[in-house]
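Student: What follows is data.txt, made up of compact mmCIF, C-alpha atoms and all ligand atoms:
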# COMPACT_ATOMS: atom_id res chain seq x y z
CA MET A 182 57.60 98.68 -159.11
CA ARG A 183 60.92 98.92 -160.90
CA ARG A 184 62.79 102.16 -160.87
CA PRO A 185 64.21 103.45 -164.13
CA VAL A 186 67.96 102.98 -164.27
CA ILE A 187 70.34 104.38 -166.84
CA ARG A 188 72.68 101.56 -167.69
CA PRO A 189 76.34 102.38 -168.41
CA THR A 190 76.08 100.99 -171.96
CA LEU A 191 73.28 103.44 -172.67
CA ARG A 192 75.28 106.37 -171.28
CA LEU A 193 77.94 105.38 -173.82
CA ALA A 194 75.31 105.11 -176.55
CA VAL A 195 74.04 108.62 -175.77
CA LEU A 196 77.59 109.98 -175.83
CA ALA A 197 78.27 108.23 -179.13
CA ALA A 198 75.02 109.56 -180.58
CA LEU A 199 75.87 113.10 -179.46
CA CYS A 200 79.37 112.84 -180.97
CA LEU A 201 77.81 111.62 -184.20
CA ALA A 202 75.40 114.52 -184.17
CA LEU A 203 78.30 116.99 -183.77
CA THR A 204 80.39 115.48 -186.58
CA PRO A 205 79.79 117.18 -189.94
CA VAL A 206 77.93 114.71 -192.17
CA PRO A 207 79.07 114.59 -195.80
CA HIS A 208 76.30 115.20 -198.31
CA ARG A 209 74.78 111.89 -199.29
CA ASP A 210 73.85 111.91 -202.94
CA HIS A 211 71.48 108.95 -202.58
CA ALA A 212 69.23 111.20 -200.47
CA VAL A 213 68.28 113.16 -203.59
CA ALA A 214 65.37 111.83 -205.62
CA GLY A 215 66.37 111.86 -209.31
CA THR A 216 65.16 109.97 -212.37
CA THR A 217 65.36 106.20 -212.08
CA LEU A 218 64.29 103.36 -214.35
CA LEU A 219 63.56 100.07 -212.57
CA THR A 220 63.32 96.79 -214.45
CA ALA A 221 62.04 93.58 -212.83
CA ASP A 222 60.51 90.24 -213.79
CA ARG A 223 57.00 90.98 -212.52
CA LEU A 224 54.90 93.46 -210.59
CA PHE A 225 52.37 93.27 -207.77
CA ASP A 226 50.61 96.59 -208.30
CA GLY A 227 48.75 96.67 -204.96
CA THR A 228 45.82 94.63 -206.28
CA SER A 229 47.09 91.83 -208.49
CA LEU A 230 50.19 90.24 -209.96
CA ARG A 231 51.30 91.29 -213.45
CA ASP A 232 53.66 88.74 -214.96
CA GLY A 233 56.39 89.45 -217.49
CA PRO A 234 59.21 91.98 -217.68
CA VAL A 235 58.10 95.31 -216.24
CA GLN A 236 59.63 98.76 -216.17
CA VAL A 237 58.82 101.63 -213.82
CA LEU A 238 60.10 105.14 -214.45
CA ILE A 239 60.47 107.37 -211.39
CA ARG A 240 60.85 111.12 -211.62
CA ASP A 241 60.81 113.71 -208.80
CA GLY A 242 59.73 111.18 -206.20
CA LYS A 243 56.71 109.97 -208.15
CA ILE A 244 55.96 107.17 -210.56
CA ALA A 245 56.09 108.81 -214.01
CA ALA A 246 55.44 105.83 -216.31
CA LEU A 247 54.86 102.10 -216.27
CA SER A 248 55.56 99.53 -218.94
CA LEU A 249 53.79 96.18 -218.80
CA PRO A 250 53.71 93.31 -221.31
CA GLY A 251 50.93 93.58 -223.88
CA ALA A 252 49.95 91.61 -226.97
CA HIS A 253 53.10 92.74 -228.75
CA GLY A 254 55.54 92.16 -225.91
CA THR A 255 56.81 94.78 -223.50
CA PRO A 256 57.31 98.27 -224.89
CA ARG A 257 60.56 99.69 -223.56
CA ILE A 258 60.67 103.02 -221.78
CA ASP A 259 63.35 105.31 -223.15
CA ALA A 260 64.86 107.33 -220.32
CA PRO A 261 68.16 108.92 -221.32
CA GLY A 262 70.03 110.19 -218.29
CA ALA A 263 68.05 108.06 -215.85
CA GLU A 264 69.79 105.71 -213.43
CA HIS A 265 68.98 102.16 -214.51
CA ILE A 266 68.42 99.61 -211.77
CA ASP A 267 67.86 96.04 -212.95
CA LEU A 268 66.26 93.57 -210.58
CA PRO A 269 66.34 90.24 -212.46
CA GLY A 270 64.30 87.47 -210.85
CA HIS A 271 62.55 89.98 -208.60
CA THR A 272 58.98 91.14 -208.12
CA LEU A 273 58.32 94.87 -207.67
CA LEU A 274 55.66 95.89 -205.16
CA PRO A 275 54.39 99.08 -203.55
CA GLY A 276 56.28 99.83 -200.34
CA PHE A 277 54.69 97.82 -197.53
CA ILE A 278 52.60 99.63 -194.91
CA ASP A 279 52.44 98.46 -191.29
CA ALA A 280 49.17 99.53 -189.68
CA HIS A 281 50.30 98.92 -186.09
CA THR A 282 53.75 99.74 -184.74
CA HIS A 283 55.33 100.96 -181.52
CA LEU A 284 58.67 102.31 -182.72
CA THR A 285 59.52 103.71 -179.29
CA TYR A 286 59.46 100.31 -177.60
CA LEU A 287 63.00 99.29 -177.11
CA TRP A 288 65.12 96.94 -179.12
CA SER A 289 67.35 95.58 -176.39
CA ASP A 290 65.24 95.53 -173.27
CA THR A 291 63.14 92.41 -173.46
CA THR A 292 63.76 91.39 -169.88
CA HIS A 293 61.33 93.59 -167.97
CA ALA A 294 57.63 94.28 -167.90
CA PRO A 295 56.84 97.24 -170.14
CA ASN A 296 57.19 100.61 -168.57
CA HIS A 297 55.75 103.09 -171.01
CA LEU A 298 56.96 106.15 -169.11
CA GLY A 299 59.27 108.37 -171.08
CA ASP A 300 61.81 108.31 -168.28
CA PHE A 301 62.35 104.58 -168.72
CA LEU A 302 65.88 105.26 -169.92
CA GLY A 303 66.31 108.44 -167.96
CA SER A 304 65.10 110.64 -170.79
CA PRO A 305 62.60 110.59 -173.66
CA ILE A 306 65.48 111.87 -175.79
CA VAL A 307 67.22 108.51 -175.40
CA VAL A 308 63.95 106.80 -176.30
CA ALA A 309 63.95 108.92 -179.48
CA PHE A 310 67.39 107.60 -180.45
CA GLU A 311 66.15 104.03 -179.93
CA ALA A 312 63.02 104.81 -181.95
CA ALA A 313 65.13 106.20 -184.81
CA ARG A 314 67.06 102.94 -184.94
CA ASN A 315 63.82 100.96 -184.96
CA ALA A 316 62.49 103.19 -187.74
CA GLU A 317 65.53 102.49 -189.92
CA ARG A 318 65.16 98.72 -189.37
CA THR A 319 61.49 98.99 -190.35
CA LEU A 320 62.27 100.92 -193.54
CA ARG A 321 65.03 98.52 -194.59
CA ALA A 322 62.55 95.65 -194.20
CA GLY A 323 60.47 97.27 -196.96
CA PHE A 324 57.96 99.19 -194.83
CA THR A 325 57.85 102.70 -196.27
CA SER A 326 54.86 103.79 -194.15
CA VAL A 327 53.60 102.90 -190.68
CA ARG A 328 50.74 103.81 -188.38
CA GLN A 329 52.18 104.41 -184.91
CA LEU A 330 49.67 103.34 -182.26
CA GLY A 331 51.07 104.62 -178.99
CA ALA A 332 54.21 106.29 -177.68
CA SER A 333 54.78 108.56 -174.72
CA ASP A 334 56.17 112.11 -174.71
CA ASP A 335 55.07 112.62 -178.35
CA VAL A 336 58.33 110.97 -179.43
CA ASP A 337 56.60 109.55 -182.51
CA LEU A 338 55.44 112.99 -183.66
CA ALA A 339 59.01 114.26 -183.32
CA LEU A 340 60.38 111.20 -185.12
CA ALA A 341 57.88 111.66 -187.96
CA GLN A 342 59.12 115.22 -188.38
CA ALA A 343 62.79 114.25 -188.22
CA ILE A 344 62.24 111.60 -190.90
CA GLU A 345 60.34 114.02 -193.10
CA ARG A 346 63.20 116.53 -192.82
CA GLY A 347 65.70 113.86 -193.85
CA LEU A 348 67.52 113.90 -190.51
CA THR A 349 67.18 110.17 -190.01
CA PRO A 350 66.00 107.33 -192.29
CA GLY A 351 62.62 105.80 -191.61
CA PRO A 352 59.13 105.18 -192.92
CA ARG A 353 56.55 107.95 -193.20
CA ILE A 354 54.70 107.90 -189.91
CA VAL A 355 51.01 108.41 -189.30
CA ALA A 356 50.76 108.74 -185.53
CA ALA A 357 48.02 108.15 -182.97
CA GLY A 358 47.75 109.64 -179.50
CA ALA A 359 46.87 106.90 -177.00
CA ILE A 360 44.02 107.03 -174.48
CA TYR A 361 44.13 104.60 -171.57
CA PRO A 362 41.59 103.89 -168.87
CA PRO A 363 42.88 104.90 -165.43
CA PHE A 364 42.50 101.30 -164.20
CA PRO A 365 44.67 99.10 -166.39
CA GLY A 366 44.76 96.42 -163.70
CA ARG A 367 48.44 95.47 -163.93
CA ALA A 368 50.65 96.92 -161.19
CA ASP A 369 53.83 95.92 -163.05
CA ILE A 370 52.90 97.83 -166.19
CA GLN A 371 53.22 101.60 -165.93
CA TRP A 372 50.96 103.36 -168.40
CA PRO A 373 51.79 106.93 -169.34
CA PRO A 374 49.70 109.04 -166.95
CA ASP A 375 49.26 111.74 -169.61
CA GLY A 376 47.17 109.30 -171.68
CA ALA A 377 44.64 108.37 -168.99
CA ALA A 378 41.00 109.44 -169.32
CA ALA A 379 38.18 108.35 -167.00
CA THR A 380 35.04 109.94 -168.42
CA ARG A 381 33.52 110.89 -171.77
CA GLU A 382 34.43 114.54 -171.08
CA GLU A 383 38.05 113.61 -170.43
CA ILE A 384 38.16 111.42 -173.56
CA VAL A 385 36.81 114.29 -175.66
CA ALA A 386 39.33 116.74 -174.17
CA LYS A 387 42.22 114.35 -174.72
CA THR A 388 41.15 113.63 -178.31
CA ARG A 389 41.02 117.37 -179.08
CA ALA A 390 44.41 117.91 -177.44
CA TYR A 391 45.97 115.10 -179.53
CA LEU A 392 44.54 116.42 -182.78
CA GLY A 393 45.77 119.89 -181.84
CA LYS A 394 49.29 118.54 -181.44
CA GLY A 395 49.23 117.03 -184.91
CA TYR A 396 48.12 113.45 -184.33
CA ALA A 397 45.90 112.12 -187.11
CA TRP A 398 44.53 109.25 -185.04
CA VAL A 399 43.49 108.37 -181.51
CA LYS A 400 44.18 104.88 -180.21
CA ILE A 401 41.86 103.94 -177.39
CA TYR A 402 42.31 100.99 -175.03
CA GLU A 403 38.82 99.58 -174.94
CA THR A 404 39.71 96.25 -173.33
CA SER A 405 42.36 94.69 -171.17
CA GLY A 406 44.80 92.33 -172.85
CA THR A 407 48.45 93.03 -173.51
CA TRP A 408 51.71 91.35 -172.67
CA ASP A 409 50.82 87.89 -171.22
CA ASP A 410 47.37 89.14 -170.13
CA THR A 411 44.81 87.82 -172.63
CA THR A 412 41.60 88.66 -170.72
CA GLY A 413 39.84 91.21 -173.00
CA VAL A 414 37.57 92.82 -170.37
CA PRO A 415 35.87 95.99 -171.68
CA TYR A 416 36.59 99.35 -170.06
CA TYR A 417 34.74 102.20 -171.76
CA THR A 418 31.03 102.34 -172.62
CA ARG A 419 29.78 102.81 -176.17
CA ASP A 420 28.94 106.42 -175.35
CA GLU A 421 32.45 107.11 -173.99
CA LEU A 422 34.04 105.61 -177.12
CA ALA A 423 31.67 107.67 -179.27
CA GLY A 424 33.14 110.74 -177.53
CA ALA A 425 36.50 110.02 -179.17
CA VAL A 426 34.89 109.22 -182.53
CA GLU A 427 32.76 112.38 -182.56
CA ALA A 428 35.55 114.66 -181.32
CA SER A 429 38.02 113.34 -183.90
CA ALA A 430 35.70 113.62 -186.93
CA PRO A 431 36.24 114.79 -189.57
CA ARG A 432 39.94 115.51 -189.01
CA GLY A 433 40.98 112.24 -187.41
CA TRP A 434 40.07 108.64 -186.81
CA VAL A 435 39.89 106.21 -183.90
CA ALA A 436 41.58 102.82 -183.59
CA ALA A 437 40.27 100.66 -180.74
CA HIS A 438 42.32 98.03 -178.93
CA CYS A 439 39.78 95.20 -178.47
CA MET A 440 40.57 91.69 -177.31
CA GLY A 441 37.08 90.64 -176.23
CA VAL A 442 33.80 90.57 -178.13
CA GLU A 443 31.91 92.96 -175.84
CA GLY A 444 34.58 95.66 -176.25
CA ALA A 445 34.54 95.17 -180.02
CA ARG A 446 30.73 95.38 -180.05
CA ARG A 447 30.87 98.73 -178.22
CA ALA A 448 33.66 100.08 -180.45
CA VAL A 449 31.85 99.05 -183.64
CA ALA A 450 28.61 100.62 -182.38
CA ALA A 451 30.55 103.81 -181.59
CA GLY A 452 31.87 103.89 -185.18
CA VAL A 453 35.66 103.54 -184.76
CA ARG A 454 37.66 103.12 -187.98
CA SER A 455 39.67 100.05 -187.00
CA ILE A 456 39.56 97.24 -184.47
CA GLU A 457 43.06 96.29 -183.30
CA HIS A 458 43.66 92.61 -182.41
CA GLY A 459 39.94 91.75 -182.60
CA SER A 460 40.24 88.39 -180.90
CA ARG A 461 36.94 86.63 -180.11
CA LEU A 462 34.74 88.43 -182.65
CA ASP A 463 31.33 86.90 -183.37
CA ARG A 464 29.10 86.81 -186.46
CA ALA A 465 26.99 89.81 -185.44
CA VAL A 466 30.08 92.00 -184.87
CA VAL A 467 31.78 91.10 -188.16
CA ARG A 468 28.49 91.67 -190.02
CA ASP A 469 28.32 95.20 -188.55
CA MET A 470 32.01 95.79 -189.31
CA ALA A 471 31.46 94.87 -192.96
CA ARG A 472 28.34 97.05 -193.17
CA LYS A 473 30.09 100.08 -191.65
CA GLY A 474 33.41 99.57 -193.47
CA ILE A 475 35.35 99.09 -190.20
CA TYR A 476 38.76 97.47 -190.67
CA LEU A 477 40.07 94.49 -188.72
CA ASP A 478 43.78 94.71 -187.91
CA PRO A 479 44.37 91.27 -186.38
CA THR A 480 48.08 91.60 -185.33
CA LEU A 481 48.73 87.86 -185.46
CA TYR A 482 52.51 87.54 -185.48
CA HIS A 483 53.19 89.40 -182.24
CA VAL A 484 51.28 86.78 -180.26
CA GLN A 485 53.71 84.16 -181.57
CA TRP A 486 56.63 86.52 -180.85
CA TYR A 487 55.41 86.92 -177.25
CA ALA A 488 55.13 83.14 -176.90
CA ASP A 489 58.67 82.67 -178.29
CA HIS A 490 60.15 85.27 -175.92
CA GLY A 491 57.92 84.64 -172.89
CA ALA A 492 60.68 83.31 -170.65
CA ALA A 493 63.00 86.27 -171.29
CA LEU A 494 60.03 88.60 -170.83
CA GLU A 495 59.35 87.07 -167.37
CA TYR A 496 55.76 86.15 -168.26
CA GLY A 497 53.55 84.64 -165.59
CA PRO A 498 53.06 80.85 -165.33
CA GLY A 499 50.93 79.28 -168.06
CA TYR A 500 51.69 82.00 -170.61
CA ARG A 501 52.22 79.50 -173.43
CA ASP A 502 48.72 78.04 -173.06
CA ARG A 503 47.14 81.48 -172.67
CA LEU A 504 48.84 82.80 -175.81
CA ALA A 505 48.11 79.63 -177.80
CA ALA A 506 44.41 79.95 -176.92
CA LEU A 507 44.46 83.63 -177.92
CA GLN A 508 46.11 82.77 -181.22
CA LYS A 509 43.33 80.29 -182.01
CA GLU A 510 40.71 82.90 -181.21
CA GLN A 511 42.42 85.46 -183.42
CA PHE A 512 42.57 83.01 -186.33
CA ALA A 513 38.85 82.28 -185.87
CA SER A 514 38.09 86.03 -185.87
CA VAL A 515 40.05 86.54 -189.10
CA GLN A 516 38.15 83.73 -190.79
CA LEU A 517 34.77 85.07 -189.66
CA ALA A 518 35.72 88.58 -190.78
CA ARG A 519 37.01 87.43 -194.15
CA ALA A 520 33.84 85.41 -194.83
CA ALA A 521 31.71 88.47 -193.92
CA GLY A 522 33.65 90.72 -196.31
CA VAL A 523 35.41 92.81 -193.62
CA LYS A 524 38.50 94.66 -194.84
CA VAL A 525 41.46 92.94 -193.21
CA ALA A 526 44.46 95.20 -192.58
CA CYS A 527 48.06 94.22 -191.85
CA GLY A 528 49.61 95.41 -188.60
CA SER A 529 52.46 93.64 -186.87
CA ASP A 530 52.21 95.38 -183.46
CA ALA A 531 56.02 95.56 -183.64
CA VAL A 532 57.58 96.05 -180.23
CA TYR A 533 60.99 95.33 -178.68
CA SER A 534 63.10 93.25 -181.08
CA MET A 535 60.28 92.83 -183.64
CA HIS A 536 61.23 95.99 -185.56
CA GLY A 537 62.42 94.82 -188.97
CA GLU A 538 60.43 91.56 -188.72
CA ASN A 539 57.23 93.37 -189.73
CA ALA A 540 56.76 91.28 -192.91
CA GLN A 541 56.11 88.24 -190.75
CA GLU A 542 52.60 89.62 -190.29
CA ILE A 543 51.95 89.14 -194.02
CA VAL A 544 53.00 85.50 -193.68
CA TRP A 545 50.80 85.07 -190.61
CA LEU A 546 47.78 86.47 -192.43
CA THR A 547 48.15 83.58 -194.85
CA ASN A 548 48.54 81.18 -191.90
CA ALA A 549 45.14 82.47 -190.73
CA GLY A 550 43.50 81.72 -194.08
CA LEU A 551 44.07 84.70 -196.38
CA THR A 552 45.42 83.94 -199.85
CA PRO A 553 48.89 85.35 -200.58
CA VAL A 554 47.31 87.98 -202.86
CA GLU A 555 44.86 89.00 -200.10
CA ALA A 556 47.72 89.26 -197.59
CA LEU A 557 49.76 91.39 -200.01
CA ARG A 558 46.74 93.64 -200.59
CA ALA A 559 46.33 94.00 -196.82
CA ALA A 560 49.91 95.30 -196.49
CA THR A 561 49.58 97.65 -199.47
CA SER A 562 46.28 98.92 -200.94
CA VAL A 563 44.03 98.01 -197.98
CA ASN A 564 46.34 99.63 -195.42
CA ALA A 565 46.70 102.71 -197.65
CA GLU A 566 42.92 103.07 -197.70
CA LEU A 567 42.74 102.55 -193.91
CA LEU A 568 45.14 105.48 -193.53
CA GLY A 569 43.21 107.59 -196.04
CA LEU A 570 46.31 107.71 -198.26
CA GLU A 571 45.09 105.50 -201.10
CA ARG A 572 45.74 108.19 -203.72
CA GLU A 573 49.41 108.48 -202.73
CA ILE A 574 50.64 105.07 -201.55
CA GLY A 575 49.81 101.35 -201.58
CA HIS A 576 49.73 100.97 -205.37
CA VAL A 577 52.05 101.19 -208.36
CA ALA A 578 50.61 103.51 -211.00
CA PRO A 579 51.61 106.76 -212.70
CA GLY A 580 51.15 109.66 -210.28
CA ALA A 581 51.61 107.61 -207.10
CA VAL A 582 54.42 108.33 -204.66
CA ALA A 583 57.50 106.29 -205.66
CA ASP A 584 57.51 103.95 -202.66
CA LEU A 585 58.69 100.71 -204.27
CA ILE A 586 60.28 97.52 -203.02
CA ALA A 587 61.47 94.28 -204.61
CA VAL A 588 61.53 90.72 -203.33
CA PRO A 589 63.25 87.73 -204.95
CA GLY A 590 60.89 85.32 -206.74
CA ASP A 591 57.10 85.51 -206.81
CA PRO A 592 55.40 86.29 -203.46
CA THR A 593 52.02 85.03 -204.73
CA ARG A 594 53.60 81.56 -205.04
CA ASP A 595 55.88 81.70 -202.00
CA ILE A 596 54.76 84.30 -199.48
CA ALA A 597 57.89 83.75 -197.35
CA VAL A 598 59.93 85.92 -199.76
CA VAL A 599 58.29 89.03 -198.27
CA SER A 600 60.81 88.80 -195.45
CA ARG A 601 63.70 88.91 -197.97
CA VAL A 602 63.21 92.44 -199.29
CA ALA A 603 66.23 93.23 -201.49
CA PHE A 604 65.42 96.70 -202.78
CA VAL A 605 63.70 99.64 -201.10
CA MET A 606 62.88 103.04 -202.56
CA LYS A 607 60.99 105.67 -200.56
CA GLY A 608 59.72 108.78 -202.31
CA GLY A 609 62.05 108.11 -205.24
CA VAL A 610 65.13 107.76 -203.02
CA VAL A 611 66.90 104.39 -203.01
CA VAL A 612 67.27 103.15 -199.43
CA ARG A 613 68.43 99.60 -200.10
CA ARG A 614 69.93 97.78 -203.08
CA PRO A 615 70.45 94.06 -203.71
ZN ZN A 701 49.94 97.74 -180.01
Do you think you could lay out the structure here as structure tokens?
Tutor:
Amino acid sequence: MRRPVIRPTLRLAVLAALCLALTPVPHRDHAVAGTTLLTADRLFDGTSLRDGPVQVLIRDGKIAALSLPGAHGTPRIDAPGAEHIDLPGHTLLPGFIDAHTHLTYLWSDTTHAPNHLGDFLGSPIVVAFEAARNAERTLRAGFTSVRQLGASDDVDLALAQAIERGLTPGPRIVAAGAIYPPFPGRADIQWPPDGAAATREEIVAKTRAYLGKGYAWVKIYETSGTWDDTTGVPYYTRDELAGAVEASAPRGWVAAHCMGVEGARRAVAAGVRSIEHGSRLDRAVVRDMARKGIYLDPTLYHVQWYADHGAALEYGPGYRDRLAALQKEQFASVQLARAAGVKVACGSDAVYSMHGENAQEIVWLTNAGLTPVEALRAATSVNAELLGLEREIGHVAPGAVADLIAVPGDPTRDIAVVSRVAFVMKGGVVVRRP
């Protein structure tokens, strides 16, 4: 087992970060949400594309008014005193939402098996600095909200608070406390011991403790399968999973990591809110998911990312074939789920150097058979509903939070433009300009 080592470059990084923290920061006027009038060529409102010149007026962090072309052309919004931002050739969209991130997994260290202990870099505080950098990358890529599905030392709760206070830029974070079985089966992967639970009683206690700390979700590892391990063997029984579901209701929800069909069957029977990965689903499971309104979050792109970086990640022999087979099974699951009417979410499972590449998941949803409009809905209105935030985010309409992004061209014609986000506004504050 590898011992945590603080590398000299990181000592320097910590010193630099501390110096930065001690330097007085000049007031940044762009951090104040004022009145802004955006003009663009078209709008994806979270559900469908609206063609023609559009205007969106933002006031006090919310969308105040919307102007769309009608029978007599586009009525112009008069907003004296507002800052005018013109985005010619661009499409406006609601800020993207990533339903599956791990912001605390490190940017630079892709050369070792994952060690989820907070002392990986000598201190969870250093992990927090790394996570803040990942959060900024995520926000600049157009993701104004994320669901965090696992971090140790409650770093994600702290980061969520720091972002909310305006201490560091990042998406709004909905965080999950992670529950792991005590027998993960991989000696080279160190799971955080504070997340382990062996029995229904322990799962219930852990769920209550997480909700008490402020987590809105619990993420439970129902099956094996992570890294280059694609096995998907179930761990917990239906009754044990139901312990987490019952203890979290009505304040919180459960997301279940499921790579095999038996684990998914148990999680669906227990009534979790979302199935993460969901490889190898069958017709009976997707039928029950559709009936119960359980979301599938297929996390397609990260499998390709793992395959592309397998050598640097020191994966075991045959990893390419294993991951290629898994990818096929995930595509098949998405197609079954889509045909059954299951709500398909969009979660990148961003880890390591994936932070900022989150939009690739939208592209990969179309590779798996979703239409561009369906993939855009997954990353906006469907994900907002999954998070229970559909009144605030995931759509562009008067009264909604002013989380808005712009991409060049029309993403319903060329989905690849989602990775070229040129403009980002979060809560009425401009984060990125063309
Ligand atoms: Zn994950």
Student: Counting only C-alpha atoms, figure out which residue out of A:Val532, A:Ala540, A:Leu494, A:Leu422 gets nearest to A:Asn315.
Tutor: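 Ranking A:Val532, A:Ala540, A:Leu494, A:Leu422 by distance to A:Asn315, first place goes to A:Val532.
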Student: Pick out the residues sitting within 8 Å of A:Ala309, and hand them over as a VMD selection string; count all atoms listed in the file, and ignore anything fewer than 6 positions along from it in its own chain.
Tutor: chain A and resid 285 336 to 337 340
Student: Just checking: using all atoms listed in the file, which residue out of A:Ser514, A:Ser529, A:Thr272, A:Gln485 ends up closest to ligand ZN 701 (chain A)?
Tutor: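 The shortest atom-to-atom distance to ligand ZN 701 (chain A) comes from A:Ser529.
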Student: Rank A:Trp408, A:Phe604, A:Trp486, A:Phe324 by their smallest atom-to-atom distance to ligand ZN 701 (chain A), using all atoms listed in the file, and report the top residue only.
Tutor: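 So, comparing all the options, the nearest one is A:Trp408.
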Student: I'd like the interatomic distance between atom CA of A:Asp241 and atom CA of A:Thr216, to a tenth of an Å.
Tutor: 6.8 Å
Student: Please determine, counting only C-alpha atoms, which residue among A:Val515, A:Val399, A:Ala356, A:Ala450 has the shortest atom-to-atom distance to A:Arg419.
Tutor: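 Looking only at the distances to A:Arg419, the closest residue turns out to be A:Ala450.
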Student: Kindly give the distance, in Å, that separates atom CA of A:Phe277 and atom CA of A:Glu264, rounded to a single decimal.
Tutor: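 If I compute the distance from atom CA of A:Phe277 to atom CA of A:Glu264, I get 23.3 Å.
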Student: Go through A:Asp591, A:Asp410, A:Glu573, A:Asp334 and flag the residue nearest A:Gly497, using all atoms listed in the file for the distances.
Tutor: A:Asp410
Student: Dump the neighbourhood of ligand ZN 701 (chain A) as number ranges by chain: all residues within 7 Å, distances computed on all atoms listed in the file.
Tutor: A: 281-283, 330, 530
Student: Provide the atom CA of A:Val599 to atom CA of A:Ala246 distance in Å, to one decimal place.
Tutor: 24.8 Å
Student: Taking into account all atoms listed in the file, which residue in the set A:Glu566, A:Glu421, A:Asp232, A:Asp226 is nearest to A:Ile401?
Tutor: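 Selected residue with least distance to A:Ile401: A:Glu421.
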Student: What residues have an atom no more than 9 Å from (51.8, 94.9, -210.0) in the file's own frame, counting only C-alpha atoms, and can you write them as number ranges by chain?
Tutor: A: 223-232, 235, 272-275, 576-578
Student: Show which residues sit within 7 Å of A:Ala377, as a PyMOL selection string. Count only C-alpha atoms, and ignore same-chain residues fewer than 5 positions away.
Tutor: chain A and resi 360-363
Student: So that I can see what lies close to stretch 465-469 of chain A, please list as a ChimeraX atom specification the residues with an atom at most 7 Å from it, counting all atoms listed in the file and leaving out residues fewer than 2 positions away in the same chain.
Tutor: /A:446,462-463,471-473,517-518,521,523
Student: What lies within 7 Å of A:Gly270 using all atoms listed in the file, ignoring chain neighbours under 5 positions off, as a ChimeraX atom specification?
Tutor: /A:221-222,589-590
Student: Could you name the residues that touch A:Lys400 at 10 Å or less, counting all atoms listed in the file, but leaving out those on the same chain fewer than 3 positions away, as a list of chain:residue names?
Tutor: A:Gln329, A:Leu330, A:Gly331, A:Ala356, A:Ala357, A:Gly358, A:Ala359, A:Ile360, A:Tyr361, A:Thr388, A:Glu403, A:Ala425, A:Trp434, A:Val435, A:Ala436, A:Ala437, A:His438, A:Val453, A:Ser455, A:Ile456, A:Glu457
Student: For a cut-off of 10 Å around (57.1, 88.9, -174.7), file coordinates, pick out all residues using only C-alpha atoms and list them as number ranges by chain.
Tutor: A: 291-295, 407-409, 483-496, 500, 532-534
Student: Generate the coordinates of N, CA and C atoms for stretch 309-321 of chain A; report them as a PDB file, keeping the file's coordinate frame.
Tutor:
ATOM      1  N   ALA A 309      64.018 108.464-178.086  1.00  0.00           N
ATOM      2  CA  ALA A 309      63.950 108.920-179.480  1.00  0.00           C
ATOM      3  C   ALA A 309      65.087 108.325-180.315  1.00  0.00           C
ATOM      4  N   PHE A 310      66.276 108.223-179.719  1.00  0.00           N
ATOM      5  CA  PHE A 310      67.390 107.600-180.450  1.00  0.00           C
ATOM      6  C   PHE A 310      67.067 106.124-180.739  1.00  0.00           C
ATOM      7  N   GLU A 311      66.533 105.437-179.728  1.00  0.00           N
ATOM      8  CA  GLU A 311      66.150 104.030-179.930  1.00  0.00           C
ATOM      9  C   GLU A 311      65.083 103.920-181.024  1.00  0.00           C
ATOM     10  N   ALA A 312      64.121 104.842-180.977  1.00  0.00           N
ATOM     11  CA  ALA A 312      63.020 104.810-181.950  1.00  0.00           C
ATOM     12  C   ALA A 312      63.556 105.053-183.361  1.00  0.00           C
ATOM     13  N   ALA A 313      64.553 105.929-183.485  1.00  0.00           N
ATOM     14  CA  ALA A 313      65.130 106.200-184.810  1.00  0.00           C
ATOM     15  C   ALA A 313      65.777 104.934-185.361  1.00  0.00           C
ATOM     16  N   ARG A 314      66.450 104.192-184.493  1.00  0.00           N
ATOM     17  CA  ARG A 314      67.060 102.940-184.940  1.00  0.00           C
ATOM     18  C   ARG A 314      65.985 101.937-185.376  1.00  0.00           C
ATOM     19  N   ASN A 315      64.919 101.852-184.592  1.00  0.00           N
ATOM     20  CA  ASN A 315      63.820 100.960-184.960  1.00  0.00           C
ATOM     21  C   ASN A 315      63.189 101.373-186.291  1.00  0.00           C
ATOM     22  N   ALA A 316      63.095 102.677-186.501  1.00  0.00           N
ATOM     23  CA  ALA A 316      62.490 103.190-187.740  1.00  0.00           C
ATOM     24  C   ALA A 316      63.347 102.784-188.943  1.00  0.00           C
ATOM     25  N   GLU A 317      64.655 102.868-188.805  1.00  0.00           N
ATOM     26  CA  GLU A 317      65.530 102.490-189.920  1.00  0.00           C
ATOM     27  C   GLU A 317      65.405 100.989-190.213  1.00  0.00           C
ATOM     28  N   ARG A 318      65.357 100.170-189.170  1.00  0.00           N
ATOM     29  CA  ARG A 318      65.160  98.720-189.370  1.00  0.00           C
ATOM     30  C   ARG A 318      63.861  98.447-190.120  1.00  0.00           C
ATOM     31  N   THR A 319      62.810  99.178-189.732  1.00  0.00           N
ATOM     32  CA  THR A 319      61.490  98.990-190.350  1.00  0.00           C
ATOM     33  C   THR A 319      61.539  99.343-191.835  1.00  0.00           C
ATOM     34  N   LEU A 320      62.170 100.471-192.135  1.00  0.00           N
ATOM     35  CA  LEU A 320      62.270 100.920-193.540  1.00  0.00           C
ATOM     36  C   LEU A 320      63.067  99.927-194.368  1.00  0.00           C
ATOM     37  N   ARG A 321      64.187  99.460-193.838  1.00  0.00           N
ATOM     38  CA  ARG A 321      65.030  98.520-194.590  1.00  0.00           C
ATOM     39  C   ARG A 321      64.329  97.194-194.841  1.00  0.00           C
TER      40      ARG A 321
END
